[in-house]
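What follows is a short report on a single structure.
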Amino acid sequence: MRKITLLILIVLLGLGKLCAQGTIRGIITDAKNNNEIAFANVSLNKNAGTTSNDSGVFIFENLKPDRYKLSVSFLGYESYTQTVTLENNNTIVLNIKLNPINFTAEEVVVTATKTENHINQVPTRINLISTRQIEAIPAQSTDELLATVPGINISRSFGIFSHSSTVSMRGLDGQEQGRVLVMIDGIPTNKTDGGSVNWNLLNTGQIDRIEVIKGPGSSLYGGNAMGGAINIITKKPTEKFAGKASIDYGTYNTMRGQVFMNGKLNEDSDKGLFWNFSSFYRQSDGYNSASEADQQANPYLVKSGLQEFGANAQLGYNLNKNNGFDLNVLYYDDDRGTGEQVFQPQGNNREHDSYHIRLKYFGEKQNLKWNVSLYYLNEDYKRISEWLKDDYTFYKVLSERIDLGALSSVSYQLNNQRLTGGIDLKQGSVDAKDVYYTSSDVVYNRGKMNTLGLFIQDEISLLNNKLKLIGGLRFDYAKFFDGGFEIKDPTSETTFMLNYNNENIEEDSWNALSPKLSIQYNFNNHQRIYANYAKGFRPGVLDDMCRSGRIRGGFKVSDPTLQPEYINNFELGADSRFFNKLRTSVSVYYSIGDDFLYYVNTGDSIDLSYGPRPIIKASNISKVEIYGLELEANYMLSNNIILNANYAYAHSQINDYKPLSSDDPIDLTNKYISNVPKHMGSISASWRNKIINVGISAKYVGKQWVNDLNQFDEIILDDQYPDYTSVNLKFSKEIKSIFVNLNIQNILDNKFYNSKGAVNPGRFITLELGMNF
């Protein structure tokens, strides 16, 4: 077969000499066994593309004299790039050998230690979502890319129509984003005001990979990393110019257009200017998410549509391979309806105008590495609310949330030891007001929090890297100040809140110490075991410290004296690899949480103009016990087919509850934490072939308690949300520079309901057509 292939090339070469224009031909083989590789993707300067035939041969004809960048890629192999210069009437013949990738080729991660490490050289559980996996997942938003990671629970009730989403892990409350730190290129995105993250603002096409760190990460990152950390790493340019544009259309008259462009001044050098730009726009008519009963009872319920726009620009300069800086600016604006319209043109809706600015400088000299980042995050949040019952009420919530900071880290390598340390300075603030247009009321709240963090970490490798020890310690000091809650020109809409009017809320401060110790032993390149202990914390949020107002079930009053909640986590894990094809992992963990924050009844009540309701406030009142198990297996059936399966079990229970008042009738002792599925599992597969590429995934989410009392809910008509399974499918095809993607989410059209009885959008289909240029 090999001789026949070479003979074909010789014949083609002879014929090529008769042509007036240039030709580039080649054969693609496996570098390990010399077998020909069929259907590999081959491109020239991203403008022309083809695939190798059954014999591994490809050909580009009628080419003008020029300098070409040839790129070859195939699933299961390292990408190959070569620059060739074609002159008049010349024919270039290439013999390209691709190096196979198997599970012994460990990926490099940076989030777990703030230093570069192979993923299996860090004694903790890390999940990496690679570029190849991202391309096979039919996701409409960034958080949906995490759906098949074991132990991850995603709360996005309305798909793309959700104005917010929550990603939690390992048995922590599925409605609290503030217990998991989310970063973009190492910069935190959780807002100090509420701990939330806007998962809608980043387009999935910008993402290169995602690193998920399980267990407390507070020893490096401080607050919000109590349950773990997620780092979304965006794409960096590798060519002089590359880009793509696409449009898609889908269910509920959903339309989107997006464009991506990037480049570097010197594509064959690590030095010079580089840039990146991406943008997208999406709109949809939406659907009516209310239950049939609610639609019949309320004539003002309408579809929840959306409009959103995002743009991201990056400009950087590399002094050399190890030194450089980059500036990144992100803008996002959306308008999402919430399903009710009385008189206002847009009805009830929510808007997020976001500006992110990130500046980073990194460097390396001999054994010393450093990284300094400055960031500024601004979100102007607006909520329009109107309703008509006995009277018509219309008001707007206008809130400016700002987070800014300076982050630094320095690491020094000394033989088998690496020391890392750094200083973080952060400030978060909120300046908000509720403006009533059917009365004279205006309700103001404001507050700021400054945080100083100092951390140090020591990594030691012994016994020829078989034994790895990592110890870390971080100290955080925070101060709450400039707080206030004020009501001006009150009427019956707000007079019940006058007792809580406080223009100058008293300042408060707290500190936290977060240690971590981990150890692992590698038996060989294929098996390892690890153990670690870590303490994490989450601070109170500004919304609970300086804002009082209506919430579901009562009236919430602020508490500026809130202290952090803590968790102590113990974990054991093991990994094995077999035949360079199968990879398995197991993790077990046990956590004890102290001073957990809960909304609790103070024992008092207040008349909200429609009857007395309990007064509630966030307090450090309970201890919780969480333990669980995670299993995962990945199998490379061939270079074209990869299979994945995982299962996660989580037990989350309150084991000690201390009420604020003896009059509080509620006792949460031995109750299960709400919005936490005890069982989750998923299977997924990707298959790449010459006809069409296929990605499929199925996720099972078990029952979850509806409320903290574990009681029957009159809306859900049960004490637990029912379990469900969601199946997603993606087909993709690339023909030269044209690509087509068909995404089908929730193929089975299963209906899921949230605590208000609202239903998810059901089966959601989009067809995308695009072009690489």
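Residue numbering restarts at 1 in every chain; chains get A, B, ... in the order shown in the structure tokens, and ligands count up from 1 in that same order.
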
Inset, instruction - Identify all residues of range 82-317 of chain A in strand (DSSP E or B) (DSSP on the backbone) and supply them as number ranges by chain. - result: A: 82-86, 91-98, 100, 108-109, 117-118, 126-129, 152-155, 166-169, 181-184, 187-188, 207-214, 228-234, 242-250, 254-264, 272-287, 301, 304-317

Running DSSP on the backbone, which parts of range 491-659 of chain A land in helix (DSSP H, G or I), as a CSV table (one decimal) with C-alpha atoms, in the first residue's frame?
chain,number,residue,atom,x,y,z
A,495,THR,CA,-43.7,53.2,54.8
A,496,PHE,CA,-43.5,49.7,56.4
A,497,MET,CA,-39.7,50.0,55.8
A,498,LEU,CA,-39.1,53.3,57.7
A,499,ASN,CA,-38.0,51.5,60.9
A,500,TYR,CA,-35.0,50.2,58.9
A,542,LEU,CA,-23.3,43.6,50.1
A,543,ASP,CA,-26.9,42.9,49.2
A,544,ASP,CA,-27.4,41.2,52.6
A,545,MET,CA,-25.3,43.8,54.5
A,546,CYS,CA,-26.9,47.1,53.3

Skip Lys114 in chain A itself and residues of its chain fewer than 5 positions away, then list as a PDB file with N, CA, C and O atoms, in the first residue's frame all residues within 10 Å of it, counting only C-alpha atoms.
ATOM      1  N   VAL A 109      -2.057  22.661  33.190  1.00  0.00           N
ATOM      2  CA  VAL A 109      -3.051  23.546  33.794  1.00  0.00           C
ATOM      3  C   VAL A 109      -2.332  24.561  34.670  1.00  0.00           C
ATOM      4  O   VAL A 109      -1.202  24.343  35.118  1.00  0.00           O
ATOM      5  N   GLY A 186      -8.134  34.181  34.608  1.00  0.00           N
ATOM      6  CA  GLY A 186      -7.568  34.406  35.934  1.00  0.00           C
ATOM      7  C   GLY A 186      -8.117  35.599  36.679  1.00  0.00           C
ATOM      8  O   GLY A 186      -7.716  35.852  37.823  1.00  0.00           O
ATOM      9  N   LEU A 220      -5.445  30.069  47.780  1.00  0.00           N
ATOM     10  CA  LEU A 220      -4.853  30.872  46.707  1.00  0.00           C
ATOM     11  C   LEU A 220      -5.728  32.058  46.325  1.00  0.00           C
ATOM     12  O   LEU A 220      -5.212  33.136  46.025  1.00  0.00           O
ATOM     13  N   TYR A 221      -7.063  31.869  46.315  1.00  0.00           N
ATOM     14  CA  TYR A 221      -7.959  32.860  45.723  1.00  0.00           C
ATOM     15  C   TYR A 221      -8.860  33.573  46.723  1.00  0.00           C
ATOM     16  O   TYR A 221      -9.604  34.469  46.334  1.00  0.00           O
ATOM     17  N   ASN A 371       3.461  37.618  37.598  1.00  0.00           N
ATOM     18  CA  ASN A 371       2.239  37.957  36.896  1.00  0.00           C
ATOM     19  C   ASN A 371       1.514  39.044  37.689  1.00  0.00           C
ATOM     20  O   ASN A 371       1.261  38.880  38.882  1.00  0.00           O
ATOM     21  N   SER A 409       1.279  37.704  41.602  1.00  0.00           N
ATOM     22  CA  SER A 409       1.874  36.446  42.064  1.00  0.00           C
ATOM     23  C   SER A 409       3.292  36.347  41.522  1.00  0.00           C
ATOM     24  O   SER A 409       3.591  36.800  40.412  1.00  0.00           O
ATOM     25  N   VAL A 410       4.166  35.745  42.334  1.00  0.00           N
ATOM     26  CA  VAL A 410       5.566  35.537  41.974  1.00  0.00           C
ATOM     27  C   VAL A 410       5.934  34.115  42.373  1.00  0.00           C
ATOM     28  O   VAL A 410       5.573  33.655  43.463  1.00  0.00           O
ATOM     29  N   SER A 411       6.615  33.403  41.489  1.00  0.00           N
ATOM     30  CA  SER A 411       7.057  32.045  41.821  1.00  0.00           C
ATOM     31  C   SER A 411       8.554  31.915  41.537  1.00  0.00           C
ATOM     32  O   SER A 411       9.080  32.515  40.596  1.00  0.00           O
ATOM     33  N   THR A 420       5.677  30.053  45.723  1.00  0.00           N
ATOM     34  CA  THR A 420       4.790  31.023  45.072  1.00  0.00           C
ATOM     35  C   THR A 420       4.148  31.885  46.148  1.00  0.00           C
ATOM     36  O   THR A 420       3.724  31.389  47.190  1.00  0.00           O
ATOM     37  N   GLY A 421       4.077  33.175  45.898  1.00  0.00           N
ATOM     38  CA  GLY A 421       3.423  34.086  46.826  1.00  0.00           C
ATOM     39  C   GLY A 421       2.826  35.261  46.093  1.00  0.00           C
ATOM     40  O   GLY A 421       3.100  35.493  44.905  1.00  0.00           O
ATOM     41  N   GLN A 457       2.685  29.669  48.925  1.00  0.00           N
ATOM     42  CA  GLN A 457       2.515  28.258  48.585  1.00  0.00           C
ATOM     43  C   GLN A 457       3.880  27.633  48.314  1.00  0.00           C
ATOM     44  O   GLN A 457       4.758  28.265  47.718  1.00  0.00           O
TER      45      GLN A 457
END

Inset, instruction - Please provide as a VMD selection string all residues within 6 Å of range 270-277 of chain A, with the sequence filter that same-chain residues fewer than 5 positions apart are discarded (counting only C-alpha atoms). - result: chain A and resid 260 to 265 312 to 321

For C-alpha atoms, I'd like the residues from the last selection saved as a short mmCIF file (atom, residue, chain, number, x, y, z; two decimals), in the first residue's frame.
data_model
loop_
_atom_site.label_atom_id
_atom_site.label_comp_id
_atom_site.auth_asym_id
_atom_site.auth_seq_id
_atom_site.Cartn_x
_atom_site.Cartn_y
_atom_site.Cartn_z
CA PHE A 260 -14.25 36.30 15.37
CA MET A 261 -10.94 37.74 14.13
CA ASN A 262 -7.40 37.61 15.48
CA GLY A 263 -3.83 37.89 14.38
CA LYS A 264 -0.20 38.47 15.29
CA LEU A 265 2.32 40.71 13.60
CA ASN A 312 -14.58 41.70 23.15
CA ALA A 313 -11.28 43.26 22.05
CA GLN A 314 -7.73 42.32 23.04
CA LEU A 315 -4.44 44.01 22.22
CA GLY A 316 -1.08 42.75 23.44
CA TYR A 317 2.62 42.77 22.86
CA ASN A 318 5.11 40.01 23.58
CA LEU A 319 8.62 41.20 24.33
CA ASN A 320 9.69 37.58 23.89
CA LYS A 321 8.28 34.12 24.58
#

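CA of Asn464 in chain A sits 15.3 Å away from CA of His526 in chain A.
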
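Between CA of Ser440 in chain A and CA of Leu388 in chain A lies a distance of 17.9 Å.
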
Inset, instruction - Find the spatial neighbours of Asp403 in chain A, counting only C-alpha atoms, within a cut-off of 12 Å - ignore same-chain residues fewer than 6 positions away - and output them as a PyMOL selection string. - result: chain A and resi 187-195+354-358+374-380+425-431+448-451+542

Write the selection just made, keeping C-alpha atoms, as a PDB file, in the first residue's frame?
ATOM      1  CA  ILE A 187      -9.644  37.528  36.736  1.00  0.00           C
ATOM      2  CA  PRO A 188     -12.571  37.031  39.180  1.00  0.00           C
ATOM      3  CA  THR A 189     -16.057  37.799  37.829  1.00  0.00           C
ATOM      4  CA  ASN A 190     -18.197  37.146  40.955  1.00  0.00           C
ATOM      5  CA  LYS A 191     -19.765  40.414  42.036  1.00  0.00           C
ATOM      6  CA  THR A 192     -19.249  41.579  45.613  1.00  0.00           C
ATOM      7  CA  ASP A 193     -22.849  42.798  45.710  1.00  0.00           C
ATOM      8  CA  GLY A 194     -24.408  39.322  45.457  1.00  0.00           C
ATOM      9  CA  GLY A 195     -21.722  36.824  44.476  1.00  0.00           C
ATOM     10  CA  SER A 354     -21.430  45.429  31.555  1.00  0.00           C
ATOM     11  CA  TYR A 355     -17.922  46.788  30.987  1.00  0.00           C
ATOM     12  CA  HIS A 356     -14.850  44.699  31.803  1.00  0.00           C
ATOM     13  CA  ILE A 357     -11.299  46.018  31.479  1.00  0.00           C
ATOM     14  CA  ARG A 358      -8.358  43.689  32.202  1.00  0.00           C
ATOM     15  CA  LEU A 374      -5.366  45.038  37.060  1.00  0.00           C
ATOM     16  CA  TYR A 375      -9.087  44.827  36.471  1.00  0.00           C
ATOM     17  CA  TYR A 376     -12.220  46.965  36.489  1.00  0.00           C
ATOM     18  CA  LEU A 377     -15.689  45.393  36.210  1.00  0.00           C
ATOM     19  CA  ASN A 378     -18.791  47.571  35.982  1.00  0.00           C
ATOM     20  CA  GLU A 379     -22.358  46.314  35.692  1.00  0.00           C
ATOM     21  CA  ASP A 380     -25.298  48.703  35.368  1.00  0.00           C
ATOM     22  CA  LEU A 425      -6.157  44.098  46.621  1.00  0.00           C
ATOM     23  CA  LYS A 426      -9.868  44.283  45.792  1.00  0.00           C
ATOM     24  CA  GLN A 427     -12.803  46.614  46.199  1.00  0.00           C
ATOM     25  CA  GLY A 428     -16.450  45.886  45.541  1.00  0.00           C
ATOM     26  CA  SER A 429     -19.290  48.387  45.722  1.00  0.00           C
ATOM     27  CA  VAL A 430     -22.979  48.850  45.016  1.00  0.00           C
ATOM     28  CA  ASP A 431     -24.945  52.064  44.547  1.00  0.00           C
ATOM     29  CA  LYS A 448     -18.440  49.075  49.813  1.00  0.00           C
ATOM     30  CA  MET A 449     -16.028  46.349  50.818  1.00  0.00           C
ATOM     31  CA  ASN A 450     -12.234  46.449  50.650  1.00  0.00           C
ATOM     32  CA  THR A 451     -10.234  43.226  50.810  1.00  0.00           C
ATOM     33  CA  LEU A 542     -23.273  43.601  50.096  1.00  0.00           C
TER      34      LEU A 542
END

Inset, instruction - Give me the residues within 9 Å of Ser514 in chain A as a ChimeraX atom specification, counting only C-alpha atoms and dropping any in the same chain fewer than 2 places off. - result: /A:217-220,222,472-476,512,516,534-537

Can you write just those residues out, N, CA and C atoms, as a compact mmCIF listing (two decimals), in the first residue's frame?
# COMPACT_ATOMS: atom_id res chain seq x y z
N GLY A 217 -10.59 26.45 47.23
CA GLY A 217 -9.41 27.10 46.64
C GLY A 217 -9.07 28.40 47.32
N SER A 218 -9.56 28.59 48.54
CA SER A 218 -9.35 29.86 49.24
C SER A 218 -7.91 30.10 49.63
N SER A 219 -7.08 29.06 49.71
CA SER A 219 -5.67 29.25 50.07
C SER A 219 -4.92 30.03 49.00
N LEU A 220 -5.44 30.07 47.78
CA LEU A 220 -4.85 30.87 46.71
C LEU A 220 -5.73 32.06 46.32
N GLY A 222 -8.85 33.17 47.99
CA GLY A 222 -9.65 33.86 48.98
C GLY A 222 -11.12 33.54 48.89
N GLY A 472 -0.14 25.40 51.34
CA GLY A 472 -0.46 26.80 51.08
C GLY A 472 -1.20 27.43 52.23
N LEU A 473 -1.07 28.76 52.34
CA LEU A 473 -1.74 29.50 53.41
C LEU A 473 -2.05 30.90 52.90
N ARG A 474 -3.28 31.35 53.18
CA ARG A 474 -3.68 32.70 52.77
C ARG A 474 -4.38 33.39 53.93
N PHE A 475 -4.09 34.70 54.06
CA PHE A 475 -4.75 35.55 55.06
C PHE A 475 -5.52 36.63 54.32
N ASP A 476 -6.80 36.78 54.68
CA ASP A 476 -7.64 37.82 54.09
C ASP A 476 -8.18 38.74 55.18
N ALA A 512 -9.92 36.15 57.70
CA ALA A 512 -10.02 34.71 57.51
C ALA A 512 -8.64 34.14 57.18
N LYS A 516 -4.09 24.97 53.24
CA LYS A 516 -4.29 23.80 52.39
C LYS A 516 -3.03 22.95 52.41
N ALA A 534 -8.24 21.08 52.97
CA ALA A 534 -8.29 22.50 52.66
C ALA A 534 -9.44 23.15 53.42
N LYS A 535 -9.22 24.39 53.78
CA LYS A 535 -10.26 25.19 54.42
C LYS A 535 -10.62 26.34 53.49
N GLY A 536 -11.91 26.51 53.28
CA GLY A 536 -12.38 27.59 52.43
C GLY A 536 -13.37 28.48 53.14
N PHE A 537 -13.63 29.66 52.56
CA PHE A 537 -14.60 30.56 53.16
C PHE A 537 -15.31 31.36 52.08

Legend entry - Nearest-residue call for Glu625 in chain A, choices A:Glu486, A:Glu61, A:Asp594, A:Asp334, using only C-alpha atoms: A:Asp594

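Atom pair CA of Gly554 in chain A / CA of Gly174 in chain A has a distance of 21.0 Å (rounded to one decimal).
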
Legend entry - Non-local contacts of Leu98 in chain A (10 Å; only C-alpha atoms; under 3 positions in same chain excluded) as a ChimeraX atom specification: /A:28-32,34,37,72-74,76-80,101

Those residues with all heavy atoms, as a short mmCIF file (atom, residue, chain, number, x, y, z; two decimals), in the first residue's frame please?
data_model
loop_
_atom_site.label_atom_id
_atom_site.label_comp_id
_atom_site.auth_asym_id
_atom_site.auth_seq_id
_atom_site.Cartn_x
_atom_site.Cartn_y
_atom_site.Cartn_z
N ILE A 28 -0.01 12.28 4.33
CA ILE A 28 -0.07 12.41 5.78
C ILE A 28 -0.05 11.02 6.40
O ILE A 28 -0.88 10.16 6.05
CB ILE A 28 -1.34 13.16 6.21
CG1 ILE A 28 -1.42 14.51 5.51
CG2 ILE A 28 -1.38 13.35 7.71
CD1 ILE A 28 -2.74 15.22 5.70
N THR A 29 0.91 10.79 7.29
CA THR A 29 1.04 9.48 7.93
C THR A 29 1.18 9.62 9.43
O THR A 29 1.48 10.69 9.96
CB THR A 29 2.26 8.73 7.38
OG1 THR A 29 3.43 9.51 7.62
CG2 THR A 29 2.13 8.46 5.90
N ASP A 30 0.97 8.51 10.12
CA ASP A 30 1.16 8.40 11.57
C ASP A 30 2.65 8.31 11.86
O ASP A 30 3.35 7.44 11.33
CB ASP A 30 0.43 7.16 12.09
CG ASP A 30 0.42 7.08 13.60
OD1 ASP A 30 1.52 7.14 14.20
OD2 ASP A 30 -0.65 6.91 14.19
N ALA A 31 3.16 9.22 12.71
CA ALA A 31 4.59 9.25 12.99
C ALA A 31 5.06 8.01 13.73
O ALA A 31 6.25 7.68 13.71
CB ALA A 31 4.94 10.50 13.81
N LYS A 32 4.13 7.29 14.35
CA LYS A 32 4.52 6.13 15.15
C LYS A 32 4.56 4.85 14.33
O LYS A 32 5.50 4.06 14.43
CB LYS A 32 3.55 5.98 16.33
CG LYS A 32 3.95 4.90 17.31
CD LYS A 32 3.01 4.89 18.51
CE LYS A 32 3.41 3.83 19.53
NZ LYS A 32 2.49 3.82 20.70
N ASN A 34 3.61 4.78 10.73
CA ASN A 34 3.68 5.11 9.30
C ASN A 34 2.42 4.78 8.52
O ASN A 34 2.42 4.77 7.30
CB ASN A 34 4.88 4.40 8.65
CG ASN A 34 6.20 5.01 9.06
OD1 ASN A 34 6.29 6.23 9.26
ND2 ASN A 34 7.21 4.19 9.22
N ILE A 37 -3.07 8.46 7.00
CA ILE A 37 -4.19 9.03 7.74
C ILE A 37 -5.17 9.62 6.74
O ILE A 37 -4.87 10.60 6.04
CB ILE A 37 -3.72 10.11 8.74
CG1 ILE A 37 -2.76 9.50 9.76
CG2 ILE A 37 -4.92 10.75 9.44
CD1 ILE A 37 -2.18 10.51 10.71
N VAL A 72 -2.44 21.18 9.32
CA VAL A 72 -3.05 19.86 9.27
C VAL A 72 -3.54 19.50 10.66
O VAL A 72 -2.82 19.67 11.65
CB VAL A 72 -2.04 18.79 8.78
CG1 VAL A 72 -2.72 17.43 8.70
CG2 VAL A 72 -1.46 19.17 7.43
N SER A 73 -4.76 19.01 10.74
CA SER A 73 -5.31 18.60 12.03
C SER A 73 -6.15 17.35 11.85
O SER A 73 -6.78 17.16 10.80
CB SER A 73 -6.15 19.72 12.66
OG SER A 73 -7.27 20.01 11.86
N PHE A 74 -6.15 16.52 12.87
CA PHE A 74 -6.97 15.32 12.86
C PHE A 74 -7.16 14.86 14.30
O PHE A 74 -6.22 14.90 15.11
CB PHE A 74 -6.32 14.20 12.04
CG PHE A 74 -7.22 13.02 11.81
CD1 PHE A 74 -8.35 13.15 11.02
CD2 PHE A 74 -6.96 11.79 12.38
CE1 PHE A 74 -9.20 12.07 10.79
CE2 PHE A 74 -7.80 10.70 12.17
CZ PHE A 74 -8.92 10.85 11.37
N GLY A 76 -7.20 13.16 17.62
CA GLY A 76 -6.31 12.14 18.18
C GLY A 76 -4.85 12.38 17.87
O GLY A 76 -3.99 11.60 18.29
N TYR A 77 -4.55 13.50 17.14
CA TYR A 77 -3.17 13.81 16.77
C TYR A 77 -2.87 15.27 17.08
O TYR A 77 -3.76 16.13 17.10
CB TYR A 77 -2.94 13.56 15.27
CG TYR A 77 -2.93 12.11 14.88
CD1 TYR A 77 -4.11 11.45 14.57
CD2 TYR A 77 -1.74 11.40 14.82
CE1 TYR A 77 -4.12 10.11 14.22
CE2 TYR A 77 -1.73 10.06 14.47
CZ TYR A 77 -2.92 9.42 14.17
OH TYR A 77 -2.90 8.09 13.82
N GLU A 78 -1.59 15.55 17.30
CA GLU A 78 -1.16 16.92 17.48
C GLU A 78 -1.28 17.67 16.15
O GLU A 78 -1.02 17.11 15.08
CB GLU A 78 0.30 16.97 17.97
CG GLU A 78 0.51 16.38 19.35
CD GLU A 78 1.97 16.41 19.77
OE1 GLU A 78 2.79 16.92 18.99
OE2 GLU A 78 2.28 15.92 20.87
N SER A 79 -1.68 18.93 16.21
CA SER A 79 -1.80 19.73 15.00
C SER A 79 -0.42 19.99 14.40
O SER A 79 0.59 20.05 15.11
CB SER A 79 -2.51 21.05 15.30
OG SER A 79 -3.82 20.82 15.74
N TYR A 80 -0.38 20.14 13.09
CA TYR A 80 0.88 20.33 12.37
C TYR A 80 0.77 21.62 11.54
O TYR A 80 -0.23 21.87 10.88
CB TYR A 80 1.14 19.14 11.45
CG TYR A 80 2.37 19.27 10.57
CD1 TYR A 80 3.61 18.81 11.00
CD2 TYR A 80 2.28 19.84 9.31
CE1 TYR A 80 4.74 18.92 10.19
CE2 TYR A 80 3.39 19.96 8.49
CZ TYR A 80 4.61 19.49 8.94
OH TYR A 80 5.73 19.62 8.13
N ILE A 101 -1.84 11.61 19.87
CA ILE A 101 -2.10 12.03 21.25
C ILE A 101 -2.81 10.88 21.95
O ILE A 101 -3.77 10.32 21.44
CB ILE A 101 -2.99 13.28 21.30
CG1 ILE A 101 -2.30 14.46 20.62
CG2 ILE A 101 -3.35 13.64 22.74
CD1 ILE A 101 -3.19 15.69 20.52
#

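Comparing the minimum interatomic distances between Leu398 in chain A and each of A:Tyr252, A:Asn445, A:Tyr700, A:Glu364, counting only C-alpha atoms, we find that A:Asn445 sits nearest.
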